[in-house]
Structure formats: C-alpha cells, structure tokens
>>> print(open('coords01.cif').read())   # mmCIF, C-alpha atoms and all ligand atoms
data_entry
#
loop_
_atom_site.group_PDB
_atom_site.id
_atom_site.type_symbol
_atom_site.label_atom_id
_atom_site.label_comp_id
_atom_site.auth_asym_id
_atom_site.auth_seq_id
_atom_site.Cartn_x
_atom_site.Cartn_y
_atom_site.Cartn_z
ATOM 1 C CA MET A 113 10.127 3.222 -16.543
ATOM 2 C CA LYS A 114 6.749 4.749 -15.626
ATOM 3 C CA GLN A 115 4.984 3.997 -12.364
ATOM 4 C CA LEU A 116 1.270 4.333 -11.668
ATOM 5 C CA THR A 117 -0.100 4.114 -8.106
ATOM 6 C CA ILE A 118 -3.805 3.555 -7.647
ATOM 7 C CA ILE A 119 -5.046 4.828 -4.303
ATOM 8 C CA SER A 120 -8.205 5.736 -2.423
ATOM 9 C CA GLY A 121 -8.691 7.665 0.784
ATOM 10 C CA LYS A 122 -10.255 4.556 2.347
ATOM 11 C CA GLY A 123 -11.074 0.936 1.554
ATOM 12 C CA GLY A 124 -14.222 -0.160 -0.263
ATOM 13 C CA THR A 125 -14.168 2.289 -3.187
ATOM 14 C CA GLY A 126 -13.503 -0.465 -5.728
ATOM 15 C CA LYS A 127 -9.804 0.390 -6.013
ATOM 16 C CA THR A 128 -8.673 -3.213 -6.420
ATOM 17 C CA VAL A 129 -11.476 -4.012 -8.880
ATOM 18 C CA ILE A 130 -10.237 -1.148 -11.060
ATOM 19 C CA ALA A 131 -6.548 -1.973 -10.480
ATOM 20 C CA SER A 132 -7.098 -5.603 -11.555
ATOM 21 C CA SER A 133 -8.803 -4.480 -14.767
ATOM 22 C CA LEU A 134 -5.998 -2.009 -15.548
ATOM 23 C CA ALA A 135 -3.592 -4.906 -14.914
ATOM 24 C CA VAL A 136 -5.290 -6.774 -17.767
ATOM 25 C CA LEU A 137 -5.476 -3.795 -20.124
ATOM 26 C CA ALA A 138 -1.877 -2.665 -19.679
ATOM 27 C CA SER A 139 0.808 -4.447 -21.628
ATOM 28 C CA ASP A 140 4.494 -4.259 -20.815
ATOM 29 C CA LYS A 141 4.174 -4.033 -16.997
ATOM 30 C CA VAL A 142 4.959 -5.534 -13.600
ATOM 31 C CA LEU A 143 2.234 -5.441 -10.944
ATOM 32 C CA VAL A 144 2.551 -4.591 -7.250
ATOM 33 C CA ASP A 145 0.016 -5.138 -4.481
ATOM 34 C CA ALA A 146 1.073 -2.526 -1.929
ATOM 35 C CA ASP A 147 -1.824 -3.216 0.430
ATOM 36 C CA VAL A 148 0.375 -5.415 2.609
ATOM 37 C CA ASP A 149 -1.961 -5.278 5.621
ATOM 38 C CA ALA A 150 -4.876 -6.822 3.710
ATOM 39 C CA PRO A 151 -3.590 -7.908 0.295
ATOM 40 C CA ASN A 152 -6.330 -8.934 -2.127
ATOM 41 C CA LEU A 153 -5.165 -8.084 -5.661
ATOM 42 C CA HIS A 154 -3.810 -11.649 -5.956
ATOM 43 C CA LEU A 155 -7.354 -12.986 -5.433
ATOM 44 C CA MET A 156 -8.301 -11.497 -8.805
ATOM 45 C CA LEU A 157 -5.182 -12.455 -10.753
ATOM 46 C CA SER A 158 -4.770 -16.265 -10.322
ATOM 47 C CA PRO A 159 -1.089 -16.050 -9.322
ATOM 48 C CA GLN A 160 1.380 -18.952 -9.392
ATOM 49 C CA LEU A 161 4.005 -18.449 -6.691
ATOM 50 C CA ILE A 162 7.563 -18.213 -8.056
ATOM 51 C CA SER A 163 9.439 -17.299 -4.883
ATOM 52 C CA GLN A 164 8.938 -16.410 -1.226
ATOM 53 C CA GLN A 165 11.344 -14.582 1.058
ATOM 54 C CA ASP A 166 11.326 -13.652 4.765
ATOM 55 C CA PHE A 167 11.365 -9.927 5.436
ATOM 56 C CA TRP A 168 13.228 -8.717 8.519
ATOM 57 C CA GLY A 169 11.941 -5.169 8.653
ATOM 58 C CA ALA A 170 12.149 -4.147 12.315
ATOM 59 C CA LYS A 171 14.321 -4.381 15.382
ATOM 60 C CA THR A 172 13.362 -5.182 18.971
ATOM 61 C CA ALA A 173 15.454 -4.684 22.099
ATOM 62 C CA ALA A 174 16.613 -7.732 24.054
ATOM 63 C CA ILE A 175 18.133 -7.624 27.557
ATOM 64 C CA ASP A 176 20.748 -10.076 28.775
ATOM 65 C CA GLU A 177 19.537 -10.788 32.318
ATOM 66 C CA ASP A 178 22.939 -12.041 33.488
ATOM 67 C CA THR A 179 24.605 -8.747 32.585
ATOM 68 C CA CYS A 180 21.759 -6.430 33.633
ATOM 69 C CA LEU A 181 22.365 -4.406 36.830
ATOM 70 C CA LYS A 182 18.625 -3.694 37.308
ATOM 71 C CA CYS A 183 19.400 0.022 37.509
ATOM 72 C CA GLY A 184 16.180 0.907 35.615
ATOM 73 C CA LEU A 185 17.817 3.550 33.392
ATOM 74 C CA CYS A 186 16.542 1.912 30.218
ATOM 75 C CA ALA A 187 12.930 1.848 31.474
ATOM 76 C CA GLY A 188 13.176 5.522 32.453
ATOM 77 C CA PHE A 189 14.461 6.580 29.028
ATOM 78 C CA CYS A 190 12.123 4.410 26.926
ATOM 79 C CA ARG A 191 9.482 6.840 25.706
ATOM 80 C CA PHE A 192 7.325 4.022 24.347
ATOM 81 C CA GLY A 193 6.818 2.416 27.787
ATOM 82 C CA ALA A 194 8.214 -0.830 26.421
ATOM 83 C CA ILE A 195 10.255 -1.792 29.514
ATOM 84 C CA ASP A 196 8.412 -2.634 32.749
ATOM 85 C CA ASP A 197 9.505 -2.424 36.397
ATOM 86 C CA GLN A 198 10.881 -5.967 36.191
ATOM 87 C CA ILE A 199 13.106 -4.821 33.278
ATOM 88 C CA LYS A 200 11.203 -6.986 30.838
ATOM 89 C CA ILE A 201 10.677 -5.817 27.229
ATOM 90 C CA ASN A 202 7.185 -5.712 25.781
ATOM 91 C CA PRO A 203 7.923 -6.564 22.095
ATOM 92 C CA TYR A 204 4.576 -5.103 20.959
ATOM 93 C CA ARG A 205 5.546 -1.695 22.341
ATOM 94 C CA CYS A 206 9.227 -1.675 21.440
ATOM 95 C CA GLU A 207 9.897 0.552 18.420
ATOM 96 C CA GLY A 208 13.541 -0.522 18.119
ATOM 97 C CA CYS A 209 14.757 3.057 18.587
ATOM 98 C CA GLY A 210 17.931 1.892 20.379
ATOM 99 C CA VAL A 211 17.856 4.464 23.207
ATOM 100 C CA CYS A 212 18.050 1.680 25.814
ATOM 101 C CA VAL A 213 21.187 0.351 24.106
ATOM 102 C CA GLN A 214 22.766 3.802 24.367
ATOM 103 C CA VAL A 215 21.928 4.454 28.030
ATOM 104 C CA CYS A 216 22.647 1.006 29.483
ATOM 105 C CA PRO A 217 25.816 1.255 31.599
ATOM 106 C CA ALA A 218 26.368 -2.526 31.502
ATOM 107 C CA GLY A 219 26.070 -3.132 27.754
ATOM 108 C CA ALA A 220 23.218 -5.524 28.536
ATOM 109 C CA VAL A 221 20.857 -4.473 25.706
ATOM 110 C CA THR A 222 21.097 -5.406 22.055
ATOM 111 C CA LEU A 223 18.745 -4.884 19.105
ATOM 112 C CA LYS A 224 17.569 -8.038 17.381
ATOM 113 C CA ASP A 225 16.112 -8.263 13.864
ATOM 114 C CA GLU A 226 12.398 -9.091 13.781
ATOM 115 C CA LEU A 227 10.642 -11.140 11.128
ATOM 116 C CA THR A 228 7.894 -8.735 10.044
ATOM 117 C CA GLY A 229 6.526 -10.289 6.873
ATOM 118 C CA TYR A 230 7.024 -12.242 3.683
ATOM 119 C CA LEU A 231 7.797 -11.106 0.149
ATOM 120 C CA PHE A 232 6.229 -13.017 -2.734
ATOM 121 C CA LEU A 233 6.887 -12.953 -6.443
ATOM 122 C CA SER A 234 4.182 -14.605 -8.561
ATOM 123 C CA GLN A 235 3.417 -15.143 -12.194
ATOM 124 C CA THR A 236 -0.109 -14.188 -13.269
ATOM 125 C CA PRO A 237 -1.712 -14.482 -16.715
ATOM 126 C CA TYR A 238 -1.264 -10.689 -16.891
ATOM 127 C CA GLY A 239 2.381 -10.414 -15.867
ATOM 128 C CA LEU A 240 4.572 -10.666 -12.783
ATOM 129 C CA LEU A 241 3.078 -9.674 -9.428
ATOM 130 C CA SER A 242 5.250 -8.513 -6.522
ATOM 131 C CA HIS A 243 3.288 -8.808 -3.290
ATOM 132 C CA ALA A 244 3.697 -9.386 0.424
ATOM 133 C CA ARG A 245 2.078 -10.275 3.698
ATOM 134 C CA LEU A 246 2.736 -8.380 6.897
ATOM 135 C CA LYS A 247 2.823 -10.383 10.127
ATOM 136 C CA THR A 248 0.183 -9.301 12.638
ATOM 137 C CA GLY A 249 1.216 -6.817 15.320
ATOM 138 C CA VAL A 250 3.983 -5.151 13.275
ATOM 139 C CA ALA A 251 1.986 -2.540 11.357
ATOM 140 C CA GLU A 252 4.806 -0.011 11.802
ATOM 141 C CA ALA A 253 6.916 -2.130 9.411
ATOM 142 C CA SER A 254 4.430 -1.894 6.515
ATOM 143 C CA GLY A 255 6.153 1.098 4.861
ATOM 144 C CA LYS A 256 9.470 -0.780 4.646
ATOM 145 C CA LEU A 257 7.744 -3.880 3.294
ATOM 146 C CA ILE A 258 6.050 -1.833 0.556
ATOM 147 C CA THR A 259 9.373 -0.246 -0.354
ATOM 148 C CA ALA A 260 10.860 -3.761 -0.598
ATOM 149 C CA ILE A 261 8.163 -5.149 -2.951
ATOM 150 C CA ARG A 262 8.403 -2.042 -5.107
ATOM 151 C CA ARG A 263 12.158 -2.580 -5.354
ATOM 152 C CA VAL A 264 11.598 -6.200 -6.443
ATOM 153 C CA ALA A 265 9.103 -4.995 -9.077
ATOM 154 C CA GLU A 266 11.594 -2.419 -10.396
ATOM 155 C CA GLU A 267 14.324 -5.062 -10.646
ATOM 156 C CA MET A 268 12.013 -7.472 -12.461
ATOM 157 C CA ALA A 269 10.753 -4.749 -14.812
ATOM 158 C CA GLN A 270 14.338 -3.828 -15.660
ATOM 159 C CA LYS A 271 15.322 -7.479 -16.227
ATOM 160 C CA GLN A 272 12.334 -8.140 -18.468
ATOM 161 C CA GLY A 273 12.485 -4.774 -20.256
ATOM 162 C CA MET A 274 9.022 -3.730 -19.028
ATOM 163 C CA GLY A 275 8.099 -0.075 -19.338
ATOM 164 C CA GLN A 276 5.494 0.225 -16.578
ATOM 165 C CA ILE A 277 4.822 -0.661 -12.967
ATOM 166 C CA ILE A 278 1.218 -0.656 -11.783
ATOM 167 C CA ILE A 279 0.859 -0.399 -8.018
ATOM 168 C CA ASP A 280 -2.373 -1.148 -6.194
ATOM 169 C CA GLY A 281 -1.692 1.225 -3.287
ATOM 170 C CA SER A 282 -2.702 0.964 0.347
ATOM 171 C CA PRO A 283 -5.970 2.513 1.479
ATOM 172 C CA GLY A 284 -5.984 5.470 3.883
ATOM 173 C CA ILE A 285 -3.528 8.351 4.110
ATOM 174 C CA GLY A 286 -0.826 7.026 6.465
ATOM 175 C CA CYS A 287 2.737 5.770 6.113
ATOM 176 C CA PRO A 288 1.859 2.795 3.830
ATOM 177 C CA VAL A 289 0.212 5.142 1.323
ATOM 178 C CA ILE A 290 3.224 7.417 1.307
ATOM 179 C CA ALA A 291 5.455 4.367 0.716
ATOM 180 C CA SER A 292 3.145 3.384 -2.194
ATOM 181 C CA LEU A 293 3.359 6.874 -3.700
ATOM 182 C CA THR A 294 7.003 7.856 -3.320
ATOM 183 C CA GLY A 295 8.654 8.334 -6.706
ATOM 184 C CA THR A 296 5.554 7.367 -8.696
ATOM 185 C CA ASN A 297 4.728 9.196 -11.955
ATOM 186 C CA LEU A 298 0.986 9.336 -11.461
ATOM 187 C CA ALA A 299 -1.386 8.843 -8.527
ATOM 188 C CA LEU A 300 -4.813 7.725 -9.671
ATOM 189 C CA ILE A 301 -7.364 8.308 -6.915
ATOM 190 C CA ILE A 302 -10.427 6.080 -6.991
ATOM 191 C CA THR A 303 -13.328 7.751 -5.254
ATOM 192 C CA GLU A 304 -17.071 7.194 -4.977
ATOM 193 C CA PRO A 305 -19.945 9.691 -4.864
ATOM 194 C CA THR A 306 -20.702 9.487 -1.152
ATOM 195 C CA LEU A 307 -20.121 12.122 1.526
ATOM 196 C CA SER A 308 -17.353 10.015 3.079
ATOM 197 C CA GLY A 309 -15.902 9.423 -0.409
ATOM 198 C CA ILE A 310 -15.721 13.194 -1.022
ATOM 199 C CA SER A 311 -14.155 13.816 2.369
ATOM 200 C CA ASP A 312 -11.556 11.038 1.823
ATOM 201 C CA LEU A 313 -10.794 12.372 -1.655
ATOM 202 C CA LYS A 314 -9.993 15.776 -0.159
ATOM 203 C CA ARG A 315 -7.718 14.228 2.472
ATOM 204 C CA ILE A 316 -5.796 12.045 0.019
ATOM 205 C CA THR A 317 -5.307 14.886 -2.470
ATOM 206 C CA GLY A 318 -3.765 16.791 0.460
ATOM 207 C CA VAL A 319 -1.159 14.002 0.648
ATOM 208 C CA THR A 320 -0.385 13.908 -3.094
ATOM 209 C CA GLU A 321 -0.245 17.729 -3.185
ATOM 210 C CA HIS A 322 2.175 17.741 -0.256
ATOM 211 C CA PHE A 323 4.478 15.277 -2.027
ATOM 212 C CA LYS A 324 4.023 17.085 -5.372
ATOM 213 C CA ILE A 325 2.797 13.943 -7.162
ATOM 214 C CA LYS A 326 0.850 14.333 -10.391
ATOM 215 C CA THR A 327 -2.687 13.287 -9.528
ATOM 216 C CA ALA A 328 -5.768 12.215 -11.462
ATOM 217 C CA VAL A 329 -9.203 11.079 -10.310
ATOM 218 C CA CYS A 330 -11.651 8.352 -11.285
ATOM 219 C CA ILE A 331 -15.180 8.255 -9.856
ATOM 220 C CA ASN A 332 -16.385 4.714 -9.362
ATOM 221 C CA LYS A 333 -20.137 3.945 -9.281
ATOM 222 C CA TYR A 334 -20.702 7.564 -10.321
ATOM 223 C CA ASP A 335 -24.369 6.998 -11.209
ATOM 224 C CA LEU A 336 -25.327 6.059 -7.648
ATOM 225 C CA ASN A 337 -25.424 9.757 -6.725
ATOM 226 C CA GLU A 338 -25.016 12.190 -9.625
ATOM 227 C CA GLU A 339 -25.237 15.254 -7.377
ATOM 228 C CA ASN A 340 -22.198 14.096 -5.380
ATOM 229 C CA THR A 341 -20.493 13.187 -8.669
ATOM 230 C CA ARG A 342 -20.950 16.813 -9.793
ATOM 231 C CA GLU A 343 -19.456 17.981 -6.501
ATOM 232 C CA ILE A 344 -16.400 15.768 -7.067
ATOM 233 C CA ALA A 345 -16.062 17.079 -10.639
ATOM 234 C CA GLN A 346 -16.216 20.644 -9.294
ATOM 235 C CA PHE A 347 -13.537 19.833 -6.696
ATOM 236 C CA CYS A 348 -11.321 18.397 -9.469
ATOM 237 C CA ARG A 349 -11.742 21.610 -11.510
ATOM 238 C CA GLU A 350 -10.875 23.788 -8.503
ATOM 239 C CA LYS A 351 -7.793 21.703 -7.731
ATOM 240 C CA ASN A 352 -6.813 21.349 -11.366
ATOM 241 C CA LEU A 353 -6.968 17.544 -11.161
ATOM 242 C CA ALA A 354 -7.715 15.539 -14.297
ATOM 243 C CA LEU A 355 -11.004 13.671 -13.890
ATOM 244 C CA LEU A 356 -10.167 10.736 -16.149
ATOM 245 C CA ALA A 357 -13.265 8.573 -15.915
ATOM 246 C CA LYS A 358 -16.673 8.034 -14.410
ATOM 247 C CA ILE A 359 -17.273 4.292 -14.025
ATOM 248 C CA PRO A 360 -20.937 3.201 -13.804
ATOM 249 C CA PHE A 361 -22.242 0.886 -11.098
ATOM 250 C CA ASP A 362 -22.314 -2.678 -12.377
ATOM 251 C CA GLU A 363 -23.820 -5.721 -10.677
ATOM 252 C CA GLU A 364 -21.426 -7.913 -12.670
ATOM 253 C CA VAL A 365 -18.576 -6.647 -10.458
ATOM 254 C CA ILE A 366 -19.658 -8.862 -7.549
ATOM 255 C CA LYS A 367 -19.908 -11.890 -9.838
ATOM 256 C CA SER A 368 -16.442 -11.232 -11.282
ATOM 257 C CA ILE A 369 -15.030 -11.003 -7.732
ATOM 258 C CA GLN A 370 -16.718 -14.286 -6.838
ATOM 259 C CA LYS A 371 -15.115 -15.838 -9.929
ATOM 260 C CA GLY A 372 -11.752 -14.294 -9.021
ATOM 261 C CA GLN A 373 -11.525 -12.585 -12.405
ATOM 262 C CA PRO A 374 -10.813 -8.970 -13.345
ATOM 263 C CA LEU A 375 -14.022 -7.375 -14.639
ATOM 264 C CA VAL A 376 -12.650 -6.686 -18.132
ATOM 265 C CA SER A 377 -11.778 -10.393 -18.559
ATOM 266 C CA TYR A 378 -15.098 -11.520 -17.131
ATOM 267 C CA THR A 379 -17.573 -9.522 -19.194
ATOM 268 C CA LYS A 380 -18.168 -6.794 -21.782
ATOM 269 C CA SER A 381 -20.374 -3.896 -20.718
ATOM 270 C CA ARG A 382 -20.483 -0.110 -20.596
ATOM 271 C CA THR A 383 -18.482 -0.420 -17.350
ATOM 272 C CA THR A 384 -15.678 -2.320 -19.067
ATOM 273 C CA GLU A 385 -15.788 0.223 -21.911
ATOM 274 C CA ALA A 386 -15.337 2.975 -19.308
ATOM 275 C CA LEU A 387 -12.397 1.051 -17.850
ATOM 276 C CA GLU A 388 -10.802 0.751 -21.287
ATOM 277 C CA GLU A 389 -11.261 4.486 -21.787
ATOM 278 C CA LEU A 390 -9.755 5.089 -18.345
ATOM 279 C CA TRP A 391 -6.648 3.070 -19.221
ATOM 280 C CA GLY A 392 -6.243 5.029 -22.482
ATOM 281 C CA LYS A 393 -6.298 8.291 -20.552
ATOM 282 C CA VAL A 394 -3.994 6.996 -17.820
ATOM 283 C CA LYS A 395 -1.450 6.054 -20.507
ATOM 284 C CA ASP A 396 -1.640 9.613 -21.882
ATOM 285 C CA GLU A 397 -1.124 11.074 -18.383
ATOM 286 C CA LEU A 398 1.859 8.777 -17.733
HETATM 287 S S1 LIG B 401 14.594 0.049 21.610
HETATM 288 FE FE1 LIG B 401 13.562 1.982 22.119
HETATM 289 S S2 LIG B 401 11.414 1.388 22.219
HETATM 290 FE FE2 LIG B 401 12.561 -0.510 22.360
HETATM 291 S S3 LIG B 401 12.786 -0.863 24.536
HETATM 292 FE FE3 LIG B 401 14.611 0.249 23.832
HETATM 293 S S4 LIG B 401 14.142 2.391 24.240
HETATM 294 FE FE4 LIG B 401 12.211 1.263 24.311
HETATM 295 S S1 LIG B 402 19.949 0.076 31.704
HETATM 296 FE FE1 LIG B 402 20.993 -1.857 31.345
HETATM 297 S S2 LIG B 402 21.671 -2.499 33.334
HETATM 298 FE FE2 LIG B 402 20.152 -0.905 33.695
HETATM 299 S S3 LIG B 402 18.233 -2.034 33.928
HETATM 300 FE FE3 LIG B 402 18.393 -1.522 31.784
HETATM 301 S S4 LIG B 402 19.354 -3.306 30.839
HETATM 302 FE FE4 LIG B 402 19.716 -3.459 33.026
#
>>> encode(input="coords01.cif", output="structure tokens", more="lines below")
Ligand code: SF4
Ligand code: SF4
Amino acid sequence: MKQLTIISGKGGTGKTVIASSLAVLASDKVLVDADVDAPNLHLMLSPQLISQQDFWGAKTAAIDEDTCLKCGLCAGFCRFGAIDDQIKINPYRCEGCGVCVQVCPAGAVTLKDELTGYLFLSQTPYGLLSHARLKTGVAEASGKLITAIRRVAEEMAQKQGMGQIIIDGSPGIGCPVIASLTGTNLALIITEPTLSGISDLKRITGVTEHFKIKTAVCINKYDLNEENTREIAQFCREKNLALLAKIPFDEEVIKSIQKGQPLVSYTKSRTTEALEELWGKVKDEL
C-alpha cells in the first residue's frame, strides 16, 4: 500500500485545495485529513459520517487530597510548574510525565486518561475519509491523534483492498507534521512563489531530508511571481527534488471552495489540467 502526504511549510498555500482535487483524481484510495487542529478537507468532500469515537490521548495527574501529606515534593519535582503551593494540579500545564507519581511518598498521585479528541470515519463521493477533531487546549496530543487516524485509514484500506492512502498533512514543521509524514512513501510539498513560501519550503525540506522521506514539490499560483518561481525551481534542482507541477492562479478556486467542491469536479480549466498532470506524475513517483 502506497502513502502520499501532502504538506506545506505553513497554512494558506492551497494545500487542501490541491489535496481535495487529488482525492477526486485518485482511484483506489482512502483519504486522511491529518490537520487535526483545524481540519477542513471534509468541507470540500461532502462527507457522510459513518462512525465517531472518543480519543483518550493524554494523561493528567490527579491528587487524592485525603491521602496527601502536603510535603510539596511533587511540586518541587514537576518541571512543568503544574503543581502550585496549595498542591493543586493545573491540567493545562500537566504533561502527564508521571514524575509526581514516582516521588510521592504517600501514593497520593495517580495519572488519569484525558479525552483529547474525536476520531471520525466518513464516506465521501470520492472514498472513505479518516479524520479527527482535537479538543482545545491539548495541542500536545495532536501527534497521537494523527497516528490514530492514519491507523484507521490503513485498516480500512486493507479491508477494502485499496492500494493508496492520501494524507492531507498538517501545516508547519512541528510534531503533527512529523506524525503525518512517518512511514509515508512520498511527501508532496505545496509551496507558493512568495518570500515566505520560499523560506517555508526550505524549512520543510529540512524535515523531510532529516527523516529521509522521498520528496517532491508543486508550486501553486506560480504565475503570481515568476521570478520567485524560478528561484524555487533552482532550489529544487540544487536539492535534487522533483518539481512535479506549476499550478496557475485561478479565480475559480474561491468559487469552488464556496460551493464546497474540489476544483477538478467544479470546473475544467488550465488549472485543472495542471492538477491532472500533477496526479499523473505523483503516481509515477509513488
Ligand atoms: S505528571 Fe508530570 S507534569 Fe503532570 S503534575 Fe506530575 S510531574 Fe507535573
Ligand atoms: S508528593 Fe504526594 S504527599 Fe507530597 S504533596 Fe505531593 S501529592 Fe501530597
């Protein structure tokens, strides 16, 4: 089974617009929206919810006040400052590391599972979509949640005999992106010809290089600044990255988003032709 992860160094490059069109063009696949902090792929794919599941992805310390000796050892050892002078836990600071459990002489501390999000499995006109929503204030659990929805997608792909998983990855370069990329066959970076786009492209290729993930690039809205597009192409040559497509700016994109439709289902244009060409090349790279 081949896995493609579509990423960008930051939000706003058109990653999800491109991912939703590839979702239409690809046959034989299960889809994943790995942007669990701000999921939006489902907005383009008209999903019908099949199942929902709670996700308990973190632990928080809890102190039994009747057993506690108020010795303060736990507060002294907690390097996240999650226990105050009154020996009360701040759940937003607690990282669930368990040090307080280890040092407590009275056995007064336990770790409790925390509800950190929800897993969803939906049917779309283009195939199954595994997605999720992270609860607010538990961003540190996003990596585990992404791993969980990817596992669901792998199980479903195996059950249905699907050959591909297409993952709309998280923006940025942090833990959620790494969770989106781990074990994938190809990282497709969507960039745009702006100075910040070039800088983000360089940072995200540092991540894929570090994890030795085969990487290709697509420049979205390339015709908005052809000089910067040439600079990106030069960077790809230097880094030996396949530049798979240059997608033109298209005012129809906004209308397709407003309609909640992937661009390639909404219209036919030179942009959709470029997207079709992109998918052909992605298949070859996979
Ligand atoms: S589990 Fe770790 S972070 Fe949480 S209160 Fe205990 S020592 Fe602090
Ligand atoms: S280490 Fe245990 S007994 Fe001491 S203050 Fe913390 S919870 Fe209470």
>>> resolve_selection(input="coords01.cif", expression="the PyMOL selection byres (((not hetatm)) within 7 of (chain B and resi 401))", output="list of chain:residue names")
A:Thr172, A:Ala173, A:Cys186, A:Phe189, A:Cys190, A:Arg191, A:Phe192, A:Gly193, A:Ala194, A:Ile195, A:Ile201, A:Arg205, A:Cys206, A:Glu207, A:Gly208, A:Cys209, A:Gly210, A:Val211, A:Cys212, A:Val213, A:Leu223
>>> write_last_selection(input="coords01.cif", atoms="C-alpha atoms", output="compact mmCIF listing (two decimals), in the frame of the given file")
# COMPACT_ATOMS: atom_id res chain seq x y z
CA THR A 172 13.36 -5.18 18.97
CA ALA A 173 15.45 -4.68 22.10
CA CYS A 186 16.54 1.91 30.22
CA PHE A 189 14.46 6.58 29.03
CA CYS A 190 12.12 4.41 26.93
CA ARG A 191 9.48 6.84 25.71
CA PHE A 192 7.32 4.02 24.35
CA GLY A 193 6.82 2.42 27.79
CA ALA A 194 8.21 -0.83 26.42
CA ILE A 195 10.26 -1.79 29.51
CA ILE A 201 10.68 -5.82 27.23
CA ARG A 205 5.55 -1.70 22.34
CA CYS A 206 9.23 -1.68 21.44
CA GLU A 207 9.90 0.55 18.42
CA GLY A 208 13.54 -0.52 18.12
CA CYS A 209 14.76 3.06 18.59
CA GLY A 210 17.93 1.89 20.38
CA VAL A 211 17.86 4.46 23.21
CA CYS A 212 18.05 1.68 25.81
CA VAL A 213 21.19 0.35 24.11
CA LEU A 223 18.74 -4.88 19.10
>>> closest_residue(input="coords01.cif", among="A:Met156, A:Ala131, A:Leu143, A:Asp197", to="ligand LIG 402 (chain B)", atoms="only C-alpha atoms and all ligand atoms")
A:Asp197
>>> resolve_selection(input="coords01.cif", expression="the PyMOL selection byres (((not hetatm)) within 8 of (chain B and resi 402))", output="list in words")
Ile175, Asp176, Glu177, Thr179, Cys180, Leu181, Lys182, Cys183, Gly184, Leu185, Cys186, Ala187, Ile199, Cys212, Val213, Val215, Cys216, Pro217, Ala218, Gly219, Ala220 and Val221 of chain A
>>> residues_around(input="coords01.cif", residues="Asn332 (chain A)", least_positions_apart="5", cutoff="8 Å", atoms="all atoms listed in the file", output="list in words")
Thr125, Gly126, Ile302, Thr303, Glu304, Pro305, Lys358, Ile359, Pro360 and Phe361 of chain A
>>> residues_around(input="coords01.cif", residues="Leu390 (chain A)", least_positions_apart="2", cutoff="9 Å", atoms="all atoms listed in the file", output="ChimeraX atom specification")
/A:134,330,356-359,385-388,392-395
>>> write_last_selection(input="coords01.cif", atoms="C-alpha atoms", output="tab-separated table (two decimals), in the coordinates of the input")
chain	number	residue	atom	x	y	z
A	134	LEU	CA	-6.00	-2.01	-15.55
A	330	CYS	CA	-11.65	8.35	-11.28
A	356	LEU	CA	-10.17	10.74	-16.15
A	357	ALA	CA	-13.26	8.57	-15.92
A	358	LYS	CA	-16.67	8.03	-14.41
A	359	ILE	CA	-17.27	4.29	-14.02
A	385	GLU	CA	-15.79	0.22	-21.91
A	386	ALA	CA	-15.34	2.98	-19.31
A	387	LEU	CA	-12.40	1.05	-17.85
A	388	GLU	CA	-10.80	0.75	-21.29
A	392	GLY	CA	-6.24	5.03	-22.48
A	393	LYS	CA	-6.30	8.29	-20.55
A	394	VAL	CA	-3.99	7.00	-17.82
A	395	LYS	CA	-1.45	6.05	-20.51
>>> resolve_selection(input="coords01.cif", expression="the PyMOL selection byres (((chain A and resi 290-299) around 6) and not hetatm)", output="PyMOL selection string")
chain A and resi 115-118+255+281+287-289+300+326-327
>>> atom_distance(input="coords01.cif", atom1="CA of Thr383 (chain A)", atom2="CA of Thr236 (chain A)")
23.3 Å
>>> residues_around(input="coords01.cif", residues="Gly284 (chain A)", least_positions_apart="2", cutoff="6 Å", atoms="only C-alpha atoms", output="list in words")
Gly121, Lys122 and Gly286 of chain A
>>> residues_around(input="coords01.cif", residues="Ala265 (chain A)", least_positions_apart="4", cutoff="7 Å", atoms="all atoms listed in the file", output="list in words")
Val142, Val144, Ser242, Ile261 and Ala269 of chain A
>>> atom_distance(input="coords01.cif", atom1="CA of Asp149 (chain A)", atom2="CA of Ala253 (chain A)")
10.2 Å
>>> closest_residue(input="coords01.cif", among="A:Ile310, A:Met113, A:Ala146, A:Ile331", to="Arg262 (chain A)", atoms="all atoms listed in the file")
A:Ala146
